[in-house]
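J.: Sharing final14.pdb here; it has PDB, C-alpha atoms, pLDDT in the B column.
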```
ATOM      1  CA  MET R   1       0.000   0.000   0.000  1.00 52.00           C
ATOM      2  CA  VAL R   2       1.300   3.461  -0.927  1.00 52.00           C
ATOM      3  CA  SER R   3       0.928   6.235   1.616  1.00 55.00           C
ATOM      4  CA  PHE R   4       1.156   9.954   0.975  1.00 51.00           C
ATOM      5  CA  SER R   5       1.855  12.697   3.438  1.00 59.00           C
ATOM      6  CA  ALA R   6      -0.410  15.731   3.553  1.00 53.00           C
ATOM      7  CA  SER R   7       2.334  17.902   2.027  1.00 51.00           C
ATOM      8  CA  SER R   8       2.742  15.433  -0.860  1.00 50.00           C
ATOM      9  CA  LEU R   9      -0.972  15.590  -1.583  1.00 42.00           C
ATOM     10  CA  VAL R  10      -0.979  19.399  -1.491  1.00 39.00           C
ATOM     11  CA  LEU R  11       1.990  19.490  -3.869  1.00 41.00           C
ATOM     12  CA  LEU R  12       0.260  17.024  -6.205  1.00 41.00           C
ATOM     13  CA  VAL R  13      -2.885  19.165  -6.268  1.00 38.00           C
ATOM     14  CA  LEU R  14      -0.920  22.385  -6.870  1.00 39.00           C
ATOM     15  CA  VAL R  15       1.056  20.892  -9.743  1.00 39.00           C
ATOM     16  CA  SER R  16      -2.119  19.698 -11.435  1.00 41.00           C
ATOM     17  CA  LEU R  17      -3.847  23.102 -11.265  1.00 42.00           C
ATOM     18  CA  PRO R  18      -3.571  25.211 -14.412  1.00 48.00           C
ATOM     19  CA  ALA R  19      -2.015  28.659 -14.118  1.00 54.00           C
ATOM     20  CA  VAL R  20      -4.540  31.457 -13.860  1.00 60.00           C
ATOM     21  CA  GLN R  21      -4.605  33.130 -17.251  1.00 74.00           C
ATOM     22  CA  ALA R  22      -6.511  36.029 -18.687  1.00 86.00           C
ATOM     23  CA  GLN R  23      -7.303  37.432 -22.101  1.00 96.00           C
ATOM     24  CA  LEU R  24      -5.381  40.486 -23.301  1.00 98.00           C
ATOM     25  CA  ARG R  25      -6.735  42.618 -26.144  1.00 98.00           C
ATOM     26  CA  VAL R  26      -4.650  45.458 -27.626  1.00 98.00           C
ATOM     27  CA  PHE R  27      -6.541  47.958 -29.778  1.00 98.00           C
ATOM     28  CA  ASN R  28      -6.993  51.571 -30.902  1.00 98.00           C
ATOM     29  CA  MET R  29      -3.357  52.179 -31.831  1.00 98.00           C
ATOM     30  CA  ARG R  30      -2.554  55.469 -33.483  1.00 98.00           C
ATOM     31  CA  GLY R  31       0.564  57.492 -34.033  1.00 98.00           C
ATOM     32  CA  SER R  32       0.935  61.240 -34.053  1.00 97.00           C
ATOM     33  CA  SER R  33       3.723  63.443 -35.388  1.00 96.00           C
ATOM     34  CA  LEU R  34       5.864  60.483 -36.448  1.00 96.00           C
ATOM     35  CA  PRO R  35       9.184  61.674 -37.886  1.00 93.00           C
ATOM     36  CA  PRO R  36       9.890  61.596 -41.633  1.00 88.00           C
ATOM     37  CA  ASN R  37      12.595  59.353 -43.039  1.00 79.00           C
ATOM     38  CA  ILE R  38      15.248  60.603 -45.472  1.00 77.00           C
ATOM     39  CA  LEU R  39      13.059  60.277 -48.573  1.00 75.00           C
ATOM     40  CA  ASP R  40       9.523  60.856 -47.389  1.00 79.00           C
ATOM     41  CA  THR R  41       7.122  60.807 -44.449  1.00 86.00           C
ATOM     42  CA  ALA R  42       7.005  57.759 -42.206  1.00 90.00           C
ATOM     43  CA  ASP R  43       5.686  54.414 -43.457  1.00 94.00           C
ATOM     44  CA  ALA R  44       4.853  53.185 -39.990  1.00 96.00           C
ATOM     45  CA  TYR R  45       3.668  49.930 -38.478  1.00 98.00           C
ATOM     46  CA  VAL R  46       3.557  48.471 -34.954  1.00 98.00           C
ATOM     47  CA  GLU R  47       4.817  45.086 -33.717  1.00 98.00           C
ATOM     48  CA  VAL R  48       3.032  43.797 -30.604  1.00 98.00           C
ATOM     49  CA  TYR R  49       4.485  41.500 -27.909  1.00 98.00           C
ATOM     50  CA  CYS R  50       3.250  40.276 -24.539  1.00 98.00           C
ATOM     51  CA  GLY R  51       6.077  38.812 -22.483  1.00 96.00           C
ATOM     52  CA  PRO R  52       7.974  36.514 -24.858  1.00 96.00           C
ATOM     53  CA  ALA R  53       4.925  36.013 -27.126  1.00 97.00           C
ATOM     54  CA  TYR R  54       4.851  37.756 -30.506  1.00 98.00           C
ATOM     55  CA  LEU R  55       1.241  38.762 -31.199  1.00 98.00           C
ATOM     56  CA  GLY R  56       1.776  40.163 -34.698  1.00 98.00           C
ATOM     57  CA  LYS R  57       2.143  43.436 -36.531  1.00 98.00           C
ATOM     58  CA  THR R  58      -0.157  46.016 -38.008  1.00 98.00           C
ATOM     59  CA  SER R  59      -0.340  46.935 -41.653  1.00 98.00           C
ATOM     60  CA  VAL R  60       2.055  49.600 -42.939  1.00 97.00           C
ATOM     61  CA  ARG R  61       0.535  53.073 -43.219  1.00 96.00           C
ATOM     62  CA  ASN R  62       2.485  54.675 -46.064  1.00 94.00           C
ATOM     63  CA  ASN R  63       3.371  58.363 -46.075  1.00 93.00           C
ATOM     64  CA  ASN R  64       1.354  59.162 -42.977  1.00 95.00           C
ATOM     65  CA  PRO R  65       2.820  60.958 -39.948  1.00 96.00           C
ATOM     66  CA  ASN R  66      -0.466  60.409 -38.042  1.00 97.00           C
ATOM     67  CA  PRO R  67      -1.494  56.799 -38.763  1.00 98.00           C
ATOM     68  CA  TRP R  68      -4.365  54.933 -37.173  1.00 98.00           C
ATOM     69  CA  TRP R  69      -4.288  51.137 -37.174  1.00 98.00           C
ATOM     70  CA  GLU R  70      -7.560  49.209 -37.078  1.00 97.00           C
ATOM     71  CA  GLU R  71      -5.999  45.864 -36.147  1.00 98.00           C
ATOM     72  CA  GLU R  72      -6.628  44.313 -32.751  1.00 98.00           C
ATOM     73  CA  PHE R  73      -4.387  41.737 -31.109  1.00 98.00           C
ATOM     74  CA  THR R  74      -5.464  39.105 -28.601  1.00 97.00           C
ATOM     75  CA  HIS R  75      -3.378  36.951 -26.287  1.00 96.00           C
ATOM     76  CA  PHE R  76      -5.170  34.239 -24.308  1.00 95.00           C
ATOM     77  CA  LYS R  77      -2.285  33.334 -21.996  1.00 95.00           C
ATOM     78  CA  ALA R  78      -1.605  36.772 -20.548  1.00 96.00           C
ATOM     79  CA  GLN R  79      -1.170  37.251 -16.827  1.00 95.00           C
ATOM     80  CA  PRO R  80      -1.231  40.423 -14.749  1.00 96.00           C
ATOM     81  CA  GLY R  81       2.318  41.758 -14.629  1.00 96.00           C
ATOM     82  CA  ASP R  82       3.299  40.467 -18.095  1.00 97.00           C
ATOM     83  CA  VAL R  83       5.051  43.196 -20.071  1.00 98.00           C
ATOM     84  CA  LEU R  84       3.160  44.549 -23.080  1.00 98.00           C
ATOM     85  CA  ARG R  85       5.680  45.863 -25.635  1.00 98.00           C
ATOM     86  CA  LEU R  86       4.776  47.867 -28.739  1.00 98.00           C
ATOM     87  CA  GLU R  87       7.555  48.633 -31.230  1.00 98.00           C
ATOM     88  CA  VAL R  88       6.806  51.398 -33.722  1.00 98.00           C
ATOM     89  CA  ARG R  89       8.818  50.963 -36.918  1.00 97.00           C
ATOM     90  CA  ASP R  90       9.287  52.809 -40.197  1.00 95.00           C
ATOM     91  CA  SER R  91       9.164  50.429 -43.160  1.00 93.00           C
ATOM     92  CA  ASP R  92      12.091  50.935 -45.549  1.00 87.00           C
ATOM     93  CA  TYR R  93      13.453  49.021 -48.537  1.00 85.00           C
ATOM     94  CA  LEU R  94      16.505  47.535 -46.810  1.00 84.00           C
ATOM     95  CA  LEU R  95      16.121  47.822 -43.051  1.00 89.00           C
ATOM     96  CA  ASP R  96      13.160  49.047 -41.034  1.00 93.00           C
ATOM     97  CA  ASP R  97      13.972  51.817 -38.558  1.00 93.00           C
ATOM     98  CA  LEU R  98      12.837  51.558 -34.942  1.00 96.00           C
ATOM     99  CA  LEU R  99      11.063  54.823 -34.089  1.00 96.00           C
ATOM    100  CA  GLY R 100      10.465  53.844 -30.475  1.00 97.00           C
ATOM    101  CA  THR R 101       9.297  51.224 -28.011  1.00 98.00           C
ATOM    102  CA  CYS R 102       6.446  51.442 -25.531  1.00 98.00           C
ATOM    103  CA  GLN R 103       6.301  48.910 -22.717  1.00 97.00           C
ATOM    104  CA  ARG R 104       4.521  48.461 -19.423  1.00 97.00           C
ATOM    105  CA  PRO R 105       3.260  45.661 -17.213  1.00 98.00           C
ATOM    106  CA  VAL R 106      -0.398  44.895 -17.842  1.00 97.00           C
ATOM    107  CA  LYS R 107      -3.064  44.934 -15.170  1.00 96.00           C
ATOM    108  CA  VAL R 108      -6.692  43.860 -15.118  1.00 96.00           C
ATOM    109  CA  GLY R 109      -9.121  46.341 -16.628  1.00 97.00           C
ATOM    110  CA  THR R 110      -9.209  48.610 -19.668  1.00 98.00           C
ATOM    111  CA  HIS R 111      -6.442  51.179 -19.935  1.00 98.00           C
ATOM    112  CA  THR R 112      -5.437  53.860 -22.442  1.00 98.00           C
ATOM    113  CA  HIS R 113      -1.849  55.101 -22.642  1.00 97.00           C
ATOM    114  CA  VAL R 114       0.248  57.668 -24.450  1.00 98.00           C
ATOM    115  CA  CYS R 115       3.872  56.815 -25.163  1.00 97.00           C
ATOM    116  CA  PHE R 116       6.520  59.272 -26.348  1.00 97.00           C
ATOM    117  CA  LEU R 117       8.793  57.648 -28.923  1.00 97.00           C
ATOM    118  CA  LYS R 118      12.584  57.906 -28.850  1.00 95.00           C
ATOM    119  CA  LYS R 119      12.912  59.343 -32.378  1.00 92.00           C
ATOM    120  CA  LYS R 120      10.014  61.816 -31.996  1.00 93.00           C
ATOM    121  CA  GLY R 121       6.308  61.282 -32.196  1.00 97.00           C
ATOM    122  CA  THR R 122       3.733  59.634 -29.998  1.00 98.00           C
ATOM    123  CA  LEU R 123       1.893  56.307 -29.878  1.00 98.00           C
ATOM    124  CA  HIS R 124      -1.580  56.185 -28.342  1.00 98.00           C
ATOM    125  CA  TYR R 125      -3.025  52.758 -27.560  1.00 98.00           C
ATOM    126  CA  SER R 126      -5.507  50.900 -25.387  1.00 98.00           C
ATOM    127  CA  TYR R 127      -5.609  47.436 -23.906  1.00 98.00           C
ATOM    128  CA  THR R 128      -8.006  45.320 -21.890  1.00 98.00           C
ATOM    129  CA  LEU R 129      -6.890  42.517 -19.621  1.00 97.00           C
ATOM    130  CA  ALA R 130      -9.955  40.500 -18.685  1.00 95.00           C
ATOM    131  CA  GLY R 131      -9.728  38.371 -15.565  1.00 80.00           C
ATOM    132  CA  PRO R 132      -9.981  34.602 -15.776  1.00 71.00           C
ATOM    133  CA  VAL R 133     -13.378  33.248 -16.741  1.00 51.00           C
ATOM    134  CA  ARG R 134     -15.004  30.910 -14.253  1.00 48.00           C
ATOM    135  CA  GLY R 135     -16.527  27.672 -15.428  1.00 42.00           C
ATOM    136  CA  PRO R 136     -15.658  24.133 -16.443  1.00 44.00           C
ATOM    137  CA  GLY R 137     -12.624  23.958 -18.698  1.00 45.00           C
ATOM    138  CA  ARG R 138     -11.748  27.631 -18.116  1.00 43.00           C
ATOM    139  CA  GLY R 139      -8.917  27.170 -15.606  1.00 45.00           C
ATOM    140  CA  LEU R 140     -11.069  27.799 -12.542  1.00 43.00           C
ATOM    141  CA  PRO R 141     -13.849  25.778 -10.927  1.00 43.00           C
ATOM    142  CA  PRO R 142     -17.413  26.972 -11.449  1.00 41.00           C
ATOM    143  CA  SER R 143     -18.327  29.800  -9.118  1.00 38.00           C
ATOM    144  CA  THR R 144     -20.699  28.817  -6.362  1.00 38.00           C
ATOM    145  CA  ASP R 145     -20.716  32.252  -4.749  1.00 36.00           C
ATOM    146  CA  THR R 146     -24.288  33.515  -4.614  1.00 39.00           C
ATOM    147  CA  GLY R 147     -23.621  36.516  -2.396  1.00 40.00           C
ATOM    148  CA  PRO R 148     -23.015  36.999   1.296  1.00 43.00           C
ATOM    149  CA  PRO R 149     -23.574  33.984   3.544  1.00 40.00           C
ATOM    150  CA  SER R 150     -27.013  33.690   5.014  1.00 39.00           C
ATOM    151  CA  ALA R 151     -27.528  33.690   8.743  1.00 43.00           C
ATOM    152  CA  ALA R 152     -28.516  30.008   8.561  1.00 42.00           C
ATOM    153  CA  ALA R 153     -25.139  29.102   7.011  1.00 40.00           C
ATOM    154  CA  LEU R 154     -23.282  30.770   9.874  1.00 40.00           C
TER     155      LEU R 154
END
```
Take the structure in this file and express it as structure tokens.

T.:
Amino acid sequence: MVSFSASSLVLLVLVSLPAVQAQLRVFNMRGSSLPPNILDTADAYVEVYCGPAYLGKTSVRNNNPNPWWEEEFTHFKAQPGDVLRLEVRDSDYLLDDLLGTCQRPVKVGTHTHVCFLKKKGTLHYSYTLAGPVRGPGRGLPPSTDTGPPSAAAL
């Protein structure tokens, strides 16, 4: 017969629990007063990262110092405290120039930020980090909380 100590059982339960994850959505990205390159105005795009995960890049907005990108990016394995990093780049024929990087740890809720870029210009963006969803198969057990305890339960 195999016996387990209480600490072994607790460790076994903790290892089997999935990490609490949330959904991150990055949206409403727009640049203002982006600097021109040698030949023309900026041909800007944004690359989006959350922690080590690459979420993608926007389309290039040619010859526009004040671009607005309609793309939205979603990351289903985000956690509060993960670093959201947005790299604004100028698309060129040989090598794309980095205009600036915006980064900050994410927190639950919807937030709008303004970031001043290293080579001049500004990036405005919003993100929402939704808390974990309760329910079977969602990383957390179904919620049984129906409000404050009744007097009979105490």

J.: Running the PyMOL selection byres ((chain R and resi 85-93) around 8) on this model by hand, what would come out? Give it as a VMD selection string.

T.: chain R and resid 37 42 to 51 60 83 to 84 94 to 104 123

J.: Which residue is closest to R:Pro80? Choose from R:Ser126, R:Phe27, R:Cys115, R:Lys107 and count all atoms listed in the file.

T.: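 Using all atoms listed in the file, the shortest distance to R:Pro80 belongs to R:Lys107.
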
J.: Can you work out which one of R:Ala78, R:Arg30, R:Pro67, R:Thr110 has the shortest atom-to-atom distance to R:Ala53, counting only C-alpha atoms?

T.: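 The shortest atom-to-atom distance to R:Ala53 comes from R:Ala78.
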
J.: Determine the residue set returned by the PyMOL selection byres ((chain R and resi 81) around 6) for the present structure, and present it as a PDB file with C-alpha atoms, in the frame of the given file.

T.:
```pdb
ATOM      1  CA  PRO R  80      -1.231  40.423 -14.749  1.00 96.00           C
ATOM      2  CA  ASP R  82       3.299  40.467 -18.095  1.00 97.00           C
ATOM      3  CA  PRO R 105       3.260  45.661 -17.213  1.00 98.00           C
ATOM      4  CA  VAL R 106      -0.398  44.895 -17.842  1.00 97.00           C
TER       5      VAL R 106
END
```

J.: Using only C-alpha atoms, which of R:Lys119, R:Asn62, R:Tyr127, R:Lys57 sits nearest R:Asp40?

T.: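 Among R:Lys119, R:Asn62, R:Tyr127, R:Lys57, it is R:Asn62 that comes nearest to R:Asp40.
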
J.: Separation of atom CA of R:Pro36 and atom CA of R:Ser59, in Å?

T.: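 A separation of 17.9 Å between them.
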
J.: So which residues get picked by the PyMOL selection byres ((chain R and resi 65) around 6) here, written as a PyMOL selection string?

T.: chain R and resi 33-34+42+64+66

J.: Give as number ranges by chain every residue, naming chains and numbers as the document does, that has an atom within 6 Å of (-8.7, 38.6, -13.9), counting all atoms listed in the file.

T.: R: 22, 108, 130-132

J.: What is the distance between atom CA of R:Leu24 and atom CA of R:Lys120, in Å to one decimal?

T.: 27.7 Å

J.: Considering only C-alpha atoms, can you say which of R:Leu117, R:Pro52, R:His111, R:Ile38 comes closest to R:Val26?

T.: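 Closest candidate: R:His111.
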
J.: Just how far from atom CA of R:Ser32 is atom CA of R:Thr74, in Å to one decimal?

T.: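 Computing the Euclidean distance for atom CA of R:Thr74 and atom CA of R:Ser32 yields 23.7 Å.
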
J.: From the set R:Leu129, R:Leu39, R:Val114, R:Met29, which residue has the shortest atom-to-atom contact distance to R:Glu72, counting all atoms listed in the file?

T.: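 The closest residue to R:Glu72 is R:Met29.
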
J.: Would you mind putting all heavy atoms back on stretch 117-128 of chain R and writing the result as a PDB file, keeping the file's coordinate frame?

T.:
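Written file, part_19.pdb:
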```pdb
ATOM      1  N   LEU R 117       7.816  58.484 -28.233  1.00 97.00           N
ATOM      2  CA  LEU R 117       8.793  57.648 -28.923  1.00 97.00           C
ATOM      3  C   LEU R 117      10.177  58.295 -28.935  1.00 97.00           C
ATOM      4  O   LEU R 117      10.301  59.519 -28.961  1.00 97.00           O
ATOM      5  CB  LEU R 117       8.326  57.376 -30.352  1.00 97.00           C
ATOM      6  CG  LEU R 117       6.933  56.737 -30.467  1.00 97.00           C
ATOM      7  CD1 LEU R 117       6.498  56.644 -31.912  1.00 97.00           C
ATOM      8  CD2 LEU R 117       6.920  55.370 -29.792  1.00 97.00           C
ATOM      9  N   LYS R 118      11.196  57.454 -28.936  1.00 95.00           N
ATOM     10  CA  LYS R 118      12.584  57.906 -28.850  1.00 95.00           C
ATOM     11  C   LYS R 118      12.969  58.846 -29.999  1.00 95.00           C
ATOM     12  O   LYS R 118      13.660  59.834 -29.802  1.00 95.00           O
ATOM     13  CB  LYS R 118      13.505  56.692 -28.826  1.00 95.00           C
ATOM     14  CG  LYS R 118      14.959  57.013 -28.622  1.00 95.00           C
ATOM     15  CD  LYS R 118      15.790  55.760 -28.509  1.00 95.00           C
ATOM     16  CE  LYS R 118      17.247  56.110 -28.251  1.00 95.00           C
ATOM     17  NZ  LYS R 118      18.060  54.905 -28.075  1.00 95.00           N
ATOM     18  N   LYS R 119      12.522  58.534 -31.217  1.00 92.00           N
ATOM     19  CA  LYS R 119      12.912  59.343 -32.378  1.00 92.00           C
ATOM     20  C   LYS R 119      11.881  60.408 -32.732  1.00 92.00           C
ATOM     21  O   LYS R 119      11.843  60.873 -33.860  1.00 92.00           O
ATOM     22  CB  LYS R 119      13.154  58.440 -33.585  1.00 92.00           C
ATOM     23  CG  LYS R 119      14.402  57.603 -33.464  1.00 92.00           C
ATOM     24  CD  LYS R 119      14.739  56.970 -34.786  1.00 92.00           C
ATOM     25  CE  LYS R 119      16.057  56.255 -34.713  1.00 92.00           C
ATOM     26  NZ  LYS R 119      16.410  55.643 -35.997  1.00 92.00           N
ATOM     27  N   LYS R 120      11.046  60.794 -31.817  1.00 93.00           N
ATOM     28  CA  LYS R 120      10.014  61.816 -31.996  1.00 93.00           C
ATOM     29  C   LYS R 120       8.685  61.151 -32.333  1.00 93.00           C
ATOM     30  O   LYS R 120       8.624  60.099 -32.929  1.00 93.00           O
ATOM     31  CB  LYS R 120      10.388  62.822 -33.082  1.00 93.00           C
ATOM     32  CG  LYS R 120       9.415  63.992 -33.173  1.00 93.00           C
ATOM     33  CD  LYS R 120       9.805  64.952 -34.279  1.00 93.00           C
ATOM     34  CE  LYS R 120       8.754  66.014 -34.431  1.00 93.00           C
ATOM     35  NZ  LYS R 120       8.136  66.030 -35.713  1.00 93.00           N
ATOM     36  N   GLY R 121       7.639  61.791 -31.932  1.00 97.00           N
ATOM     37  CA  GLY R 121       6.308  61.282 -32.196  1.00 97.00           C
ATOM     38  C   GLY R 121       5.734  60.582 -30.971  1.00 97.00           C
ATOM     39  O   GLY R 121       6.411  60.395 -29.960  1.00 97.00           O
ATOM     40  N   THR R 122       4.485  60.208 -31.110  1.00 98.00           N
ATOM     41  CA  THR R 122       3.733  59.634 -29.998  1.00 98.00           C
ATOM     42  C   THR R 122       2.922  58.448 -30.487  1.00 98.00           C
ATOM     43  O   THR R 122       2.419  58.452 -31.606  1.00 98.00           O
ATOM     44  CB  THR R 122       2.767  60.701 -29.428  1.00 98.00           C
ATOM     45  OG1 THR R 122       3.512  61.874 -29.106  1.00 98.00           O
ATOM     46  CG2 THR R 122       2.065  60.213 -28.184  1.00 98.00           C
ATOM     47  N   LEU R 123       2.796  57.430 -29.623  1.00 98.00           N
ATOM     48  CA  LEU R 123       1.893  56.307 -29.878  1.00 98.00           C
ATOM     49  C   LEU R 123       0.823  56.315 -28.801  1.00 98.00           C
ATOM     50  O   LEU R 123       1.131  56.368 -27.608  1.00 98.00           O
ATOM     51  CB  LEU R 123       2.633  54.969 -29.860  1.00 98.00           C
ATOM     52  CG  LEU R 123       1.744  53.745 -30.076  1.00 98.00           C
ATOM     53  CD1 LEU R 123       1.192  53.721 -31.504  1.00 98.00           C
ATOM     54  CD2 LEU R 123       2.497  52.461 -29.778  1.00 98.00           C
ATOM     55  N   HIS R 124      -0.424  56.300 -29.237  1.00 98.00           N
ATOM     56  CA  HIS R 124      -1.580  56.185 -28.342  1.00 98.00           C
ATOM     57  C   HIS R 124      -2.125  54.777 -28.525  1.00 98.00           C
ATOM     58  O   HIS R 124      -2.228  54.301 -29.659  1.00 98.00           O
ATOM     59  CB  HIS R 124      -2.667  57.188 -28.731  1.00 98.00           C
ATOM     60  CG  HIS R 124      -2.189  58.595 -28.840  1.00 98.00           C
ATOM     61  ND1 HIS R 124      -2.411  59.523 -27.867  1.00 98.00           N
ATOM     62  CD2 HIS R 124      -1.477  59.226 -29.813  1.00 98.00           C
ATOM     63  CE1 HIS R 124      -1.867  60.677 -28.225  1.00 98.00           C
ATOM     64  NE2 HIS R 124      -1.292  60.519 -29.405  1.00 98.00           N
ATOM     65  N   TYR R 125      -2.487  54.108 -27.437  1.00 98.00           N
ATOM     66  CA  TYR R 125      -3.025  52.758 -27.560  1.00 98.00           C
ATOM     67  C   TYR R 125      -3.863  52.420 -26.333  1.00 98.00           C
ATOM     68  O   TYR R 125      -3.764  53.073 -25.292  1.00 98.00           O
ATOM     69  CB  TYR R 125      -1.912  51.726 -27.732  1.00 98.00           C
ATOM     70  CG  TYR R 125      -0.996  51.577 -26.534  1.00 98.00           C
ATOM     71  CD1 TYR R 125      -1.216  50.595 -25.583  1.00 98.00           C
ATOM     72  CD2 TYR R 125       0.079  52.444 -26.341  1.00 98.00           C
ATOM     73  CE1 TYR R 125      -0.384  50.465 -24.481  1.00 98.00           C
ATOM     74  CE2 TYR R 125       0.910  52.319 -25.256  1.00 98.00           C
ATOM     75  CZ  TYR R 125       0.677  51.333 -24.323  1.00 98.00           C
ATOM     76  OH  TYR R 125       1.480  51.210 -23.227  1.00 98.00           O
ATOM     77  N   SER R 126      -4.678  51.394 -26.489  1.00 98.00           N
ATOM     78  CA  SER R 126      -5.507  50.900 -25.387  1.00 98.00           C
ATOM     79  C   SER R 126      -5.341  49.395 -25.282  1.00 98.00           C
ATOM     80  O   SER R 126      -5.020  48.727 -26.265  1.00 98.00           O
ATOM     81  CB  SER R 126      -6.986  51.215 -25.630  1.00 98.00           C
ATOM     82  OG  SER R 126      -7.192  52.596 -25.724  1.00 98.00           O
ATOM     83  N   TYR R 127      -5.575  48.886 -24.082  1.00 98.00           N
ATOM     84  CA  TYR R 127      -5.609  47.436 -23.906  1.00 98.00           C
ATOM     85  C   TYR R 127      -6.622  47.094 -22.831  1.00 98.00           C
ATOM     86  O   TYR R 127      -6.943  47.913 -21.969  1.00 98.00           O
ATOM     87  CB  TYR R 127      -4.229  46.865 -23.569  1.00 98.00           C
ATOM     88  CG  TYR R 127      -3.756  47.074 -22.152  1.00 98.00           C
ATOM     89  CD1 TYR R 127      -4.131  46.195 -21.124  1.00 98.00           C
ATOM     90  CD2 TYR R 127      -2.938  48.146 -21.822  1.00 98.00           C
ATOM     91  CE1 TYR R 127      -3.698  46.389 -19.828  1.00 98.00           C
ATOM     92  CE2 TYR R 127      -2.502  48.336 -20.532  1.00 98.00           C
ATOM     93  CZ  TYR R 127      -2.886  47.464 -19.529  1.00 98.00           C
ATOM     94  OH  TYR R 127      -2.461  47.653 -18.234  1.00 98.00           O
ATOM     95  N   THR R 128      -7.128  45.879 -22.915  1.00 98.00           N
ATOM     96  CA  THR R 128      -8.006  45.320 -21.890  1.00 98.00           C
ATOM     97  C   THR R 128      -7.422  43.988 -21.466  1.00 98.00           C
ATOM     98  O   THR R 128      -7.099  43.150 -22.317  1.00 98.00           O
ATOM     99  CB  THR R 128      -9.438  45.104 -22.430  1.00 98.00           C
ATOM    100  OG1 THR R 128      -9.984  46.366 -22.794  1.00 98.00           O
ATOM    101  CG2 THR R 128     -10.328  44.450 -21.382  1.00 98.00           C
TER     102      THR R 128
END
```
